[in-house]
Amino acid sequence: MKIIGTGSALPSLAVTNEMLSEFLDTNNEWISSRTGISQRRIISTESLLELSVYACNKALENAKLNAKDIDFIICSNVVNHYVTPGLGCIIQGKIGAVCPCIDLNSACSGFIYAMDMAASYLDAGKATNILIVCAEEPSKMVDWSSRDTSILFGDGAGAAIVTKGGNLKSMYLATTSAVEPLYYQRELEFNPYNKKEEFKPLVMNGKDVYKMAVNASIQDISKVMQDAHVTQNEISFYLIHQANMRIMDTIRDYLGEKEEKFPKNIQKYGNTCSASIPILLDEMNREGQLKEGALLVLSAFGAGFSSGACVLEW
Ligand code: COA
């Protein structure tokens, strides 16, 4: 499997830490030192669908493909306005593709899970060009009256087009049922045979999530590097899910790696769930940082608790 095009889109509104401190009991010093986040982009005038379509069109342009060349769309999404149909089906119509579409929800690990699914479709000969789009609007899940979670997240969309060939050297996925540390319940319609359920915004035990994220990522990275028979010297970049600067620094310290091998954009966008890695990938691609043949490690983790990593040759 080879990535032949990337695209991304961020909302126009940048919400700084200072802006949050106008209505929350928080401050720039606390947020930036504990998370590395200075600002995040929040959907205000545009929609998640518009951002997703823009990211997909940029990826198509980058891959020099037409929407009709896409024969499968995988959309990774945690929450959007539609419960049904899947967001991927709506995006398909807007970009003019004609192919099957599926939505998957592996929380913040979604891009890696979508890559694994895409690789399996390509290997099985069921598709030639697959569009992966990670479209996320966590600003619609968090409690904006609480400083615990609202400071962490940002909205955005990232897309990648994958095709046959290339060199996906290894892939590893892991999920353990650990719901309590991080979950969000959707408010559903009342049915007359059941009692009305209580609705809660995103619930997170930050300390537990932090520990699980570090442990899962270190374990997954070690596993995929071992499976790919590659050493750290051969790796150009580690693209870690942009959840918290300190999580990434702890992983880097454990590996004893150089700072420049861990690219980051969390300071600008916060945690954009499954869109964080494809957005970062797109920025690096457009800046010409990804040289042909470069070995990349991708590692993501999130609610579930789910995680995944891969070693990929660019
Ligand atoms: N602003 C100011 N103070 C805050 C605050 C905020 N936004 N949030 C919490 N605090 C306070 C707490 O009330 C507490 O005060 P106290 O010592 O007087 O009780 C203090 O800061 C420390 O809080 P704590 O929750 O222990 O901080 P922490 O170091 O664990 O950092 C997180 C909190 C959320 C930043 C951190 O746990 C984290 O990043 N976890 C991972 C979250 C994540 O990545 N989730 C998504 C995974 S995909």
# chains A, B, ... in the order shown; residues from 1 in each chain; ligands from 1
>>> closest_atom_pairs(of="chain A", to="ligand 1", cutoff="7 Å", atoms="only C-alpha atoms and all ligand atoms", output="CSV")
residue,atom,partner,partner_atom_place_in_ligand_line,distance
A:Asp25,CA,ligand 1,1 (N),6.2
A:Thr26,CA,ligand 1,1 (N),3.7
A:Asn27,CA,ligand 1,1 (N),5.9
A:Trp30,CA,ligand 1,2 (C),5.4
A:Ile31,CA,ligand 1,7 (N),5.9
A:Arg34,CA,ligand 1,35 (C),5.2
A:Thr35,CA,ligand 1,35 (C),5.4
A:Cys108,CA,ligand 1,48 (S),5.4
A:Arg147,CA,ligand 1,7 (N),4.3
A:Asp148,CA,ligand 1,8 (N),4.8
A:Thr149,CA,ligand 1,34 (C),6.7
A:Ile151,CA,ligand 1,7 (N),6.0
A:Gly206,CA,ligand 1,37 (O),3.5
A:Lys207,CA,ligand 1,37 (O),4.2
A:Val209,CA,ligand 1,41 (C),5.0
A:Tyr210,CA,ligand 1,41 (C),4.0
A:Ala213,CA,ligand 1,47 (C),6.9
A:Ala243,CA,ligand 1,44 (O),4.4
A:Asn244,CA,ligand 1,44 (O),5.4
A:Cys273,CA,ligand 1,48 (S),6.4
A:Phe301,CA,ligand 1,48 (S),5.8
A:Gly302,CA,ligand 1,48 (S),4.0
A:Ala303,CA,ligand 1,48 (S),6.3
>>> write_last_selection(atoms="N, CA, C and O atoms", output="PDB file, in the first residue's frame")
ATOM      1  N   ASP A  25     -12.324  28.801  34.153  1.00  0.00           N
ATOM      2  CA  ASP A  25     -11.316  29.055  35.186  1.00  0.00           C
ATOM      3  C   ASP A  25     -10.016  28.355  34.766  1.00  0.00           C
ATOM      4  O   ASP A  25      -9.669  27.287  35.278  1.00  0.00           O
ATOM      5  N   THR A  26      -9.336  28.946  33.787  1.00  0.00           N
ATOM      6  CA  THR A  26      -8.098  28.359  33.280  1.00  0.00           C
ATOM      7  C   THR A  26      -7.195  29.486  32.797  1.00  0.00           C
ATOM      8  O   THR A  26      -7.575  30.654  32.859  1.00  0.00           O
ATOM      9  N   ASN A  27      -6.017  29.133  32.343  1.00  0.00           N
ATOM     10  CA  ASN A  27      -5.109  30.173  31.857  1.00  0.00           C
ATOM     11  C   ASN A  27      -4.126  29.572  30.861  1.00  0.00           C
ATOM     12  O   ASN A  27      -3.919  28.355  30.820  1.00  0.00           O
ATOM     13  N   TRP A  30      -1.227  27.280  32.251  1.00  0.00           N
ATOM     14  CA  TRP A  30      -1.618  25.916  32.631  1.00  0.00           C
ATOM     15  C   TRP A  30      -1.805  25.068  31.375  1.00  0.00           C
ATOM     16  O   TRP A  30      -1.241  23.974  31.264  1.00  0.00           O
ATOM     17  N   ILE A  31      -2.565  25.575  30.432  1.00  0.00           N
ATOM     18  CA  ILE A  31      -2.889  24.750  29.252  1.00  0.00           C
ATOM     19  C   ILE A  31      -1.624  24.440  28.453  1.00  0.00           C
ATOM     20  O   ILE A  31      -1.365  23.289  28.094  1.00  0.00           O
ATOM     21  N   ARG A  34       0.753  21.980  30.408  1.00  0.00           N
ATOM     22  CA  ARG A  34       0.244  20.610  30.622  1.00  0.00           C
ATOM     23  C   ARG A  34      -0.071  19.870  29.331  1.00  0.00           C
ATOM     24  O   ARG A  34      -0.170  18.656  29.323  1.00  0.00           O
ATOM     25  N   THR A  35      -0.296  20.619  28.244  1.00  0.00           N
ATOM     26  CA  THR A  35      -0.753  19.937  27.015  1.00  0.00           C
ATOM     27  C   THR A  35       0.054  20.301  25.772  1.00  0.00           C
ATOM     28  O   THR A  35       0.014  19.578  24.786  1.00  0.00           O
ATOM     29  N   CYS A 108      -9.854   8.012  18.316  1.00  0.00           N
ATOM     30  CA  CYS A 108      -8.684   8.734  17.798  1.00  0.00           C
ATOM     31  C   CYS A 108      -7.726   7.833  17.027  1.00  0.00           C
ATOM     32  O   CYS A 108      -6.826   8.315  16.348  1.00  0.00           O
ATOM     33  N   ARG A 147     -13.519  23.019  32.341  1.00  0.00           N
ATOM     34  CA  ARG A 147     -12.156  23.203  31.825  1.00  0.00           C
ATOM     35  C   ARG A 147     -11.441  21.875  31.597  1.00  0.00           C
ATOM     36  O   ARG A 147     -10.350  21.845  31.027  1.00  0.00           O
ATOM     37  N   ASP A 148     -12.055  20.767  32.048  1.00  0.00           N
ATOM     38  CA  ASP A 148     -11.369  19.468  31.997  1.00  0.00           C
ATOM     39  C   ASP A 148     -11.127  18.954  30.584  1.00  0.00           C
ATOM     40  O   ASP A 148     -10.061  18.433  30.281  1.00  0.00           O
ATOM     41  N   THR A 149     -12.134  19.057  29.733  1.00  0.00           N
ATOM     42  CA  THR A 149     -11.969  18.479  28.389  1.00  0.00           C
ATOM     43  C   THR A 149     -12.009  19.522  27.271  1.00  0.00           C
ATOM     44  O   THR A 149     -11.384  19.335  26.229  1.00  0.00           O
ATOM     45  N   ILE A 151     -10.608  22.263  26.784  1.00  0.00           N
ATOM     46  CA  ILE A 151      -9.332  22.888  26.402  1.00  0.00           C
ATOM     47  C   ILE A 151      -8.505  22.008  25.462  1.00  0.00           C
ATOM     48  O   ILE A 151      -7.576  22.489  24.819  1.00  0.00           O
ATOM     49  N   GLY A 206      -8.482  11.963  32.822  1.00  0.00           N
ATOM     50  CA  GLY A 206      -7.263  12.362  32.113  1.00  0.00           C
ATOM     51  C   GLY A 206      -6.035  11.549  32.494  1.00  0.00           C
ATOM     52  O   GLY A 206      -5.262  11.149  31.626  1.00  0.00           O
ATOM     53  N   LYS A 207      -5.882  11.286  33.786  1.00  0.00           N
ATOM     54  CA  LYS A 207      -4.675  10.577  34.236  1.00  0.00           C
ATOM     55  C   LYS A 207      -4.646   9.138  33.708  1.00  0.00           C
ATOM     56  O   LYS A 207      -3.605   8.650  33.269  1.00  0.00           O
ATOM     57  N   VAL A 209      -6.226   7.979  31.041  1.00  0.00           N
ATOM     58  CA  VAL A 209      -6.059   8.016  29.580  1.00  0.00           C
ATOM     59  C   VAL A 209      -4.594   8.273  29.232  1.00  0.00           C
ATOM     60  O   VAL A 209      -4.027   7.644  28.335  1.00  0.00           O
ATOM     61  N   TYR A 210      -3.999   9.173  29.969  1.00  0.00           N
ATOM     62  CA  TYR A 210      -2.586   9.513  29.746  1.00  0.00           C
ATOM     63  C   TYR A 210      -1.707   8.260  29.834  1.00  0.00           C
ATOM     64  O   TYR A 210      -0.912   7.966  28.940  1.00  0.00           O
ATOM     65  N   ALA A 213      -2.424   5.742  27.061  1.00  0.00           N
ATOM     66  CA  ALA A 213      -1.920   6.222  25.767  1.00  0.00           C
ATOM     67  C   ALA A 213      -0.424   5.962  25.642  1.00  0.00           C
ATOM     68  O   ALA A 213       0.049   5.415  24.643  1.00  0.00           O
ATOM     69  N   ALA A 243      -2.354  14.213  20.821  1.00  0.00           N
ATOM     70  CA  ALA A 243      -3.311  14.313  21.931  1.00  0.00           C
ATOM     71  C   ALA A 243      -2.803  15.240  23.022  1.00  0.00           C
ATOM     72  O   ALA A 243      -3.567  15.992  23.633  1.00  0.00           O
ATOM     73  N   ASN A 244      -1.510  15.158  23.275  1.00  0.00           N
ATOM     74  CA  ASN A 244      -0.915  15.948  24.353  1.00  0.00           C
ATOM     75  C   ASN A 244       0.601  15.946  24.122  1.00  0.00           C
ATOM     76  O   ASN A 244       1.187  14.887  23.894  1.00  0.00           O
ATOM     77  N   CYS A 273      -8.760  14.332  17.171  1.00  0.00           N
ATOM     78  CA  CYS A 273      -9.162  12.906  17.124  1.00  0.00           C
ATOM     79  C   CYS A 273      -8.475  12.201  15.962  1.00  0.00           C
ATOM     80  O   CYS A 273      -7.287  12.392  15.752  1.00  0.00           O
ATOM     81  N   PHE A 301      -3.941   6.309  19.357  1.00  0.00           N
ATOM     82  CA  PHE A 301      -4.616   5.668  20.496  1.00  0.00           C
ATOM     83  C   PHE A 301      -5.836   6.499  20.855  1.00  0.00           C
ATOM     84  O   PHE A 301      -5.889   7.694  20.547  1.00  0.00           O
ATOM     85  N   GLY A 302      -6.796   5.862  21.479  1.00  0.00           N
ATOM     86  CA  GLY A 302      -7.986   6.627  21.868  1.00  0.00           C
ATOM     87  C   GLY A 302      -9.002   5.774  22.586  1.00  0.00           C
ATOM     88  O   GLY A 302      -8.713   4.644  23.006  1.00  0.00           O
ATOM     89  N   ALA A 303     -10.220   6.326  22.705  1.00  0.00           N
ATOM     90  CA  ALA A 303     -11.281   5.659  23.467  1.00  0.00           C
ATOM     91  C   ALA A 303     -11.443   4.224  22.998  1.00  0.00           C
ATOM     92  O   ALA A 303     -11.215   3.887  21.847  1.00  0.00           O
TER      93      ALA A 303
END
>>> residues_around(residues="Ser177 of chain A", least_positions_apart="4", cutoff="10 Å", atoms="only C-alpha atoms", output="PyMOL selection string")
chain A and resi 303-306
>>> select_by_dssp(residues="segment 63-246 of chain A", states="helix (DSSP H, G or I)", output="PyMOL selection string")
chain A and resi 63+67-69+87-95+107-123+138-140+206-228+232-234+245-246
>>> residues_around(residues="segment 111-121 of chain A", least_positions_apart="3", cutoff="10 Å", atoms="only C-alpha atoms", output="ChimeraX atom specification")
/A:1-3,72-77,102-108,124-134,158-164,168,170-174,241,273-278,298-301,306-310
>>> closest_residue(among="A:Leu290, A:Val224, A:Leu239, A:Leu10", to="Lys268 of chain A", atoms="only C-alpha atoms")
A:Leu10
>>> closest_residue(among="A:Asp220, A:Glu136, A:Glu313, A:Glu180", to="Ile42 of chain A", atoms="only C-alpha atoms")
A:Glu136
>>> closest_residue(among="A:Asn285, A:Ser150, A:Gln232, A:Asn17", to="Ser32 of chain A", atoms="only C-alpha atoms")
A:Asn17
>>> closest_residue(among="A:Ile235, A:Cys101, A:Val79, A:Ile90", to="Glu260 of chain A", atoms="only C-alpha atoms")
A:Ile235
>>> closest_residue(among="A:Met245, A:Ile218, A:Leu295, A:Met225", to="Leu152 of chain A", atoms="only C-alpha atoms")
A:Met245
>>> atom_distance(atom1="atom CA of His229 of chain A", atom2="atom CA of Gly110 of chain A")
25.0 Å
>>> atom_distance(atom1="atom CA of Lys68 of chain A", atom2="atom CA of Thr272 of chain A")
28.5 Å
>>> select_by_dssp(residues="segment 179-266 of chain A", states="strand (DSSP E)", output="MDAnalysis selection string")
chainID A and resid 182:183 203:204 235:240
>>> write_last_selection(atoms="N, CA and C atoms", output="PDB file, in the first residue's frame")
ATOM      1  N   LEU A 182     -12.809   7.064  29.151  1.00  0.00           N
ATOM      2  CA  LEU A 182     -13.103   8.045  28.096  1.00  0.00           C
ATOM      3  C   LEU A 182     -14.322   7.600  27.305  1.00  0.00           C
ATOM      4  N   TYR A 183     -15.438   8.345  27.468  1.00  0.00           N
ATOM      5  CA  TYR A 183     -16.619   7.984  26.680  1.00  0.00           C
ATOM      6  C   TYR A 183     -17.535   9.179  26.496  1.00  0.00           C
ATOM      7  N   VAL A 203     -16.926  12.288  28.922  1.00  0.00           N
ATOM      8  CA  VAL A 203     -16.405  11.980  30.255  1.00  0.00           C
ATOM      9  C   VAL A 203     -14.976  11.476  30.084  1.00  0.00           C
ATOM     10  N   MET A 204     -14.047  12.038  30.848  1.00  0.00           N
ATOM     11  CA  MET A 204     -12.654  11.596  30.694  1.00  0.00           C
ATOM     12  C   MET A 204     -11.932  11.597  32.034  1.00  0.00           C
ATOM     13  N   ILE A 235      14.392   5.037  10.879  1.00  0.00           N
ATOM     14  CA  ILE A 235      13.106   5.754  10.887  1.00  0.00           C
ATOM     15  C   ILE A 235      13.339   7.259  10.704  1.00  0.00           C
ATOM     16  N   SER A 236      12.653   7.850   9.720  1.00  0.00           N
ATOM     17  CA  SER A 236      12.783   9.303   9.501  1.00  0.00           C
ATOM     18  C   SER A 236      11.902  10.078  10.475  1.00  0.00           C
ATOM     19  N   PHE A 237      10.654   9.637  10.616  1.00  0.00           N
ATOM     20  CA  PHE A 237       9.716  10.364  11.484  1.00  0.00           C
ATOM     21  C   PHE A 237       8.771   9.411  12.207  1.00  0.00           C
ATOM     22  N   TYR A 238       8.395   9.799  13.420  1.00  0.00           N
ATOM     23  CA  TYR A 238       7.335   9.127  14.174  1.00  0.00           C
ATOM     24  C   TYR A 238       6.153  10.098  14.204  1.00  0.00           C
ATOM     25  N   LEU A 239       5.064   9.718  13.577  1.00  0.00           N
ATOM     26  CA  LEU A 239       3.877  10.580  13.609  1.00  0.00           C
ATOM     27  C   LEU A 239       2.924  10.013  14.653  1.00  0.00           C
ATOM     28  N   ILE A 240       2.892  10.681  15.799  1.00  0.00           N
ATOM     29  CA  ILE A 240       2.092  10.198  16.930  1.00  0.00           C
ATOM     30  C   ILE A 240       0.785  10.997  16.969  1.00  0.00           C
TER      31      ILE A 240
END
>>> atom_distance(atom1="atom CA of Ala97 of chain A", atom2="atom CA of Gly166 of chain A")
24.0 Å
>>> closest_residue(among="A:Gly293, A:Gly96, A:Gly154, A:Pro85", to="Met141 of chain A", atoms="only C-alpha atoms")
A:Gly154
>>> residues_around(residues="Gly93 of chain A", least_positions_apart="5", cutoff="12 Å", atoms="only C-alpha atoms", output="PDB file with N, CA, C and O atoms, in the first residue's frame")
ATOM      1  N   LEU A  49     -18.898  18.816   7.088  1.00  0.00           N
ATOM      2  CA  LEU A  49     -19.001  18.259   5.737  1.00  0.00           C
ATOM      3  C   LEU A  49     -18.180  19.097   4.754  1.00  0.00           C
ATOM      4  O   LEU A  49     -17.432  18.550   3.930  1.00  0.00           O
ATOM      5  N   VAL A  53     -15.029  17.658   2.555  1.00  0.00           N
ATOM      6  CA  VAL A  53     -15.039  17.695   1.086  1.00  0.00           C
ATOM      7  C   VAL A  53     -13.795  18.434   0.581  1.00  0.00           C
ATOM      8  O   VAL A  53     -13.129  17.990  -0.355  1.00  0.00           O
ATOM      9  N   CYS A  56     -10.773  16.163   0.968  1.00  0.00           N
ATOM     10  CA  CYS A  56     -10.789  15.082  -0.041  1.00  0.00           C
ATOM     11  C   CYS A  56     -10.389  15.621  -1.405  1.00  0.00           C
ATOM     12  O   CYS A  56      -9.610  14.987  -2.123  1.00  0.00           O
ATOM     13  N   ALA A  67     -12.327  12.055  -8.921  1.00  0.00           N
ATOM     14  CA  ALA A  67     -13.173  11.352  -7.933  1.00  0.00           C
ATOM     15  C   ALA A  67     -13.673  10.006  -8.468  1.00  0.00           C
ATOM     16  O   ALA A  67     -13.846   9.049  -7.710  1.00  0.00           O
ATOM     17  N   LYS A  68     -13.875   9.921  -9.779  1.00  0.00           N
ATOM     18  CA  LYS A  68     -14.387   8.668 -10.382  1.00  0.00           C
ATOM     19  C   LYS A  68     -13.333   7.549 -10.332  1.00  0.00           C
ATOM     20  O   LYS A  68     -13.643   6.381 -10.544  1.00  0.00           O
ATOM     21  N   ILE A  73     -14.438   4.317  -0.290  1.00  0.00           N
ATOM     22  CA  ILE A  73     -14.218   5.440   0.634  1.00  0.00           C
ATOM     23  C   ILE A  73     -14.385   4.930   2.065  1.00  0.00           C
ATOM     24  O   ILE A  73     -15.402   4.299   2.398  1.00  0.00           O
ATOM     25  N   GLY A  86     -24.099   7.246   6.962  1.00  0.00           N
ATOM     26  CA  GLY A  86     -22.715   7.489   7.327  1.00  0.00           C
ATOM     27  C   GLY A  86     -22.196   8.744   6.629  1.00  0.00           C
ATOM     28  O   GLY A  86     -22.616   9.063   5.506  1.00  0.00           O
ATOM     29  N   LEU A  87     -21.303   9.450   7.284  1.00  0.00           N
ATOM     30  CA  LEU A  87     -20.757  10.686   6.723  1.00  0.00           C
ATOM     31  C   LEU A  87     -20.062  10.427   5.379  1.00  0.00           C
ATOM     32  O   LEU A  87     -20.127  11.251   4.469  1.00  0.00           O
ATOM     33  N   GLY A  88     -19.422   9.254   5.247  1.00  0.00           N
ATOM     34  CA  GLY A  88     -18.724   8.907   4.003  1.00  0.00           C
ATOM     35  C   GLY A  88     -19.667   8.947   2.801  1.00  0.00           C
ATOM     36  O   GLY A  88     -19.282   9.379   1.706  1.00  0.00           O
ATOM     37  N   VAL A  98     -18.160   7.541  -7.258  1.00  0.00           N
ATOM     38  CA  VAL A  98     -19.179   6.507  -7.437  1.00  0.00           C
ATOM     39  C   VAL A  98     -18.558   5.196  -6.965  1.00  0.00           C
ATOM     40  O   VAL A  98     -17.846   4.529  -7.697  1.00  0.00           O
ATOM     41  N   CYS A  99     -18.770   4.855  -5.703  1.00  0.00           N
ATOM     42  CA  CYS A  99     -18.128   3.656  -5.148  1.00  0.00           C
ATOM     43  C   CYS A  99     -18.753   3.352  -3.791  1.00  0.00           C
ATOM     44  O   CYS A  99     -19.437   4.192  -3.223  1.00  0.00           O
ATOM     45  N   PRO A 100     -18.503   2.157  -3.256  1.00  0.00           N
ATOM     46  CA  PRO A 100     -19.015   1.878  -1.906  1.00  0.00           C
ATOM     47  C   PRO A 100     -18.303   2.747  -0.860  1.00  0.00           C
ATOM     48  O   PRO A 100     -17.150   3.129  -1.056  1.00  0.00           O
ATOM     49  N   CYS A 101     -19.026   3.041   0.218  1.00  0.00           N
ATOM     50  CA  CYS A 101     -18.462   3.881   1.292  1.00  0.00           C
ATOM     51  C   CYS A 101     -18.772   3.219   2.635  1.00  0.00           C
ATOM     52  O   CYS A 101     -19.835   2.612   2.786  1.00  0.00           O
TER      53      CYS A 101
END
>>> decode(residues="segment 228-249 of chain A", atoms="N, CA, C and O atoms", output="short mmCIF file (atom, residue, chain, number, x, y, z; two decimals), in the first residue's frame")
data_model
loop_
_atom_site.label_atom_id
_atom_site.label_comp_id
_atom_site.auth_asym_id
_atom_site.auth_seq_id
_atom_site.Cartn_x
_atom_site.Cartn_y
_atom_site.Cartn_z
N ALA A 228 8.70 -5.28 11.38
CA ALA A 228 9.22 -4.76 10.10
C ALA A 228 10.73 -4.95 9.98
O ALA A 228 11.30 -4.63 8.94
N HIS A 229 11.35 -5.45 11.04
CA HIS A 229 12.82 -5.62 11.08
C HIS A 229 13.54 -4.31 10.77
O HIS A 229 14.43 -4.27 9.92
N VAL A 230 13.09 -3.24 11.40
CA VAL A 230 13.76 -1.95 11.20
C VAL A 230 14.30 -1.45 12.53
O VAL A 230 13.75 -1.74 13.59
N THR A 231 15.39 -0.69 12.45
CA THR A 231 15.97 -0.10 13.67
C THR A 231 15.56 1.37 13.74
O THR A 231 15.15 1.95 12.72
N GLN A 232 15.73 1.96 14.89
CA GLN A 232 15.37 3.37 15.07
C GLN A 232 16.15 4.28 14.12
O GLN A 232 15.62 5.28 13.65
N ASN A 233 17.40 3.93 13.83
CA ASN A 233 18.21 4.75 12.93
C ASN A 233 17.59 4.88 11.55
O ASN A 233 17.81 5.86 10.84
N GLU A 234 16.83 3.86 11.15
CA GLU A 234 16.25 3.86 9.80
C GLU A 234 14.96 4.68 9.72
O GLU A 234 14.47 4.96 8.64
N ILE A 235 14.39 5.04 10.88
CA ILE A 235 13.11 5.75 10.89
C ILE A 235 13.34 7.26 10.70
O ILE A 235 14.11 7.87 11.44
N SER A 236 12.65 7.85 9.72
CA SER A 236 12.78 9.30 9.50
C SER A 236 11.90 10.08 10.47
O SER A 236 12.32 11.09 11.03
N PHE A 237 10.65 9.64 10.62
CA PHE A 237 9.72 10.36 11.48
C PHE A 237 8.77 9.41 12.21
O PHE A 237 8.38 8.38 11.65
N TYR A 238 8.40 9.80 13.42
CA TYR A 238 7.33 9.13 14.17
C TYR A 238 6.15 10.10 14.20
O TYR A 238 6.28 11.19 14.78
N LEU A 239 5.06 9.72 13.58
CA LEU A 239 3.88 10.58 13.61
C LEU A 239 2.92 10.01 14.65
O LEU A 239 2.28 8.98 14.44
N ILE A 240 2.89 10.68 15.80
CA ILE A 240 2.09 10.20 16.93
C ILE A 240 0.79 11.00 16.97
O ILE A 240 0.80 12.21 16.69
N HIS A 241 -0.31 10.34 17.32
CA HIS A 241 -1.58 11.06 17.47
C HIS A 241 -1.36 12.27 18.37
O HIS A 241 -0.82 12.16 19.48
N GLN A 242 -1.80 13.43 17.89
CA GLN A 242 -1.54 14.69 18.57
C GLN A 242 -2.56 14.91 19.70
O GLN A 242 -3.54 15.65 19.54
N ALA A 243 -2.35 14.21 20.82
CA ALA A 243 -3.31 14.31 21.93
C ALA A 243 -2.80 15.24 23.02
O ALA A 243 -3.57 15.99 23.63
N ASN A 244 -1.51 15.16 23.28
CA ASN A 244 -0.91 15.95 24.35
C ASN A 244 0.60 15.95 24.12
O ASN A 244 1.19 14.89 23.89
N MET A 245 1.21 17.11 24.17
CA MET A 245 2.66 17.22 23.94
C MET A 245 3.43 16.33 24.92
O MET A 245 4.41 15.70 24.55
N ARG A 246 2.95 16.27 26.17
CA ARG A 246 3.68 15.49 27.19
C ARG A 246 3.60 13.99 26.90
O ARG A 246 4.53 13.25 27.18
N ILE A 247 2.48 13.53 26.32
CA ILE A 247 2.37 12.11 25.95
C ILE A 247 3.43 11.82 24.89
O ILE A 247 4.18 10.84 24.98
N MET A 248 3.53 12.70 23.90
CA MET A 248 4.51 12.48 22.82
C MET A 248 5.94 12.55 23.35
O MET A 248 6.79 11.75 22.96
N ASP A 249 6.20 13.49 24.26
CA ASP A 249 7.55 13.62 24.81
C ASP A 249 7.92 12.39 25.63
O ASP A 249 9.07 11.95 25.62
#
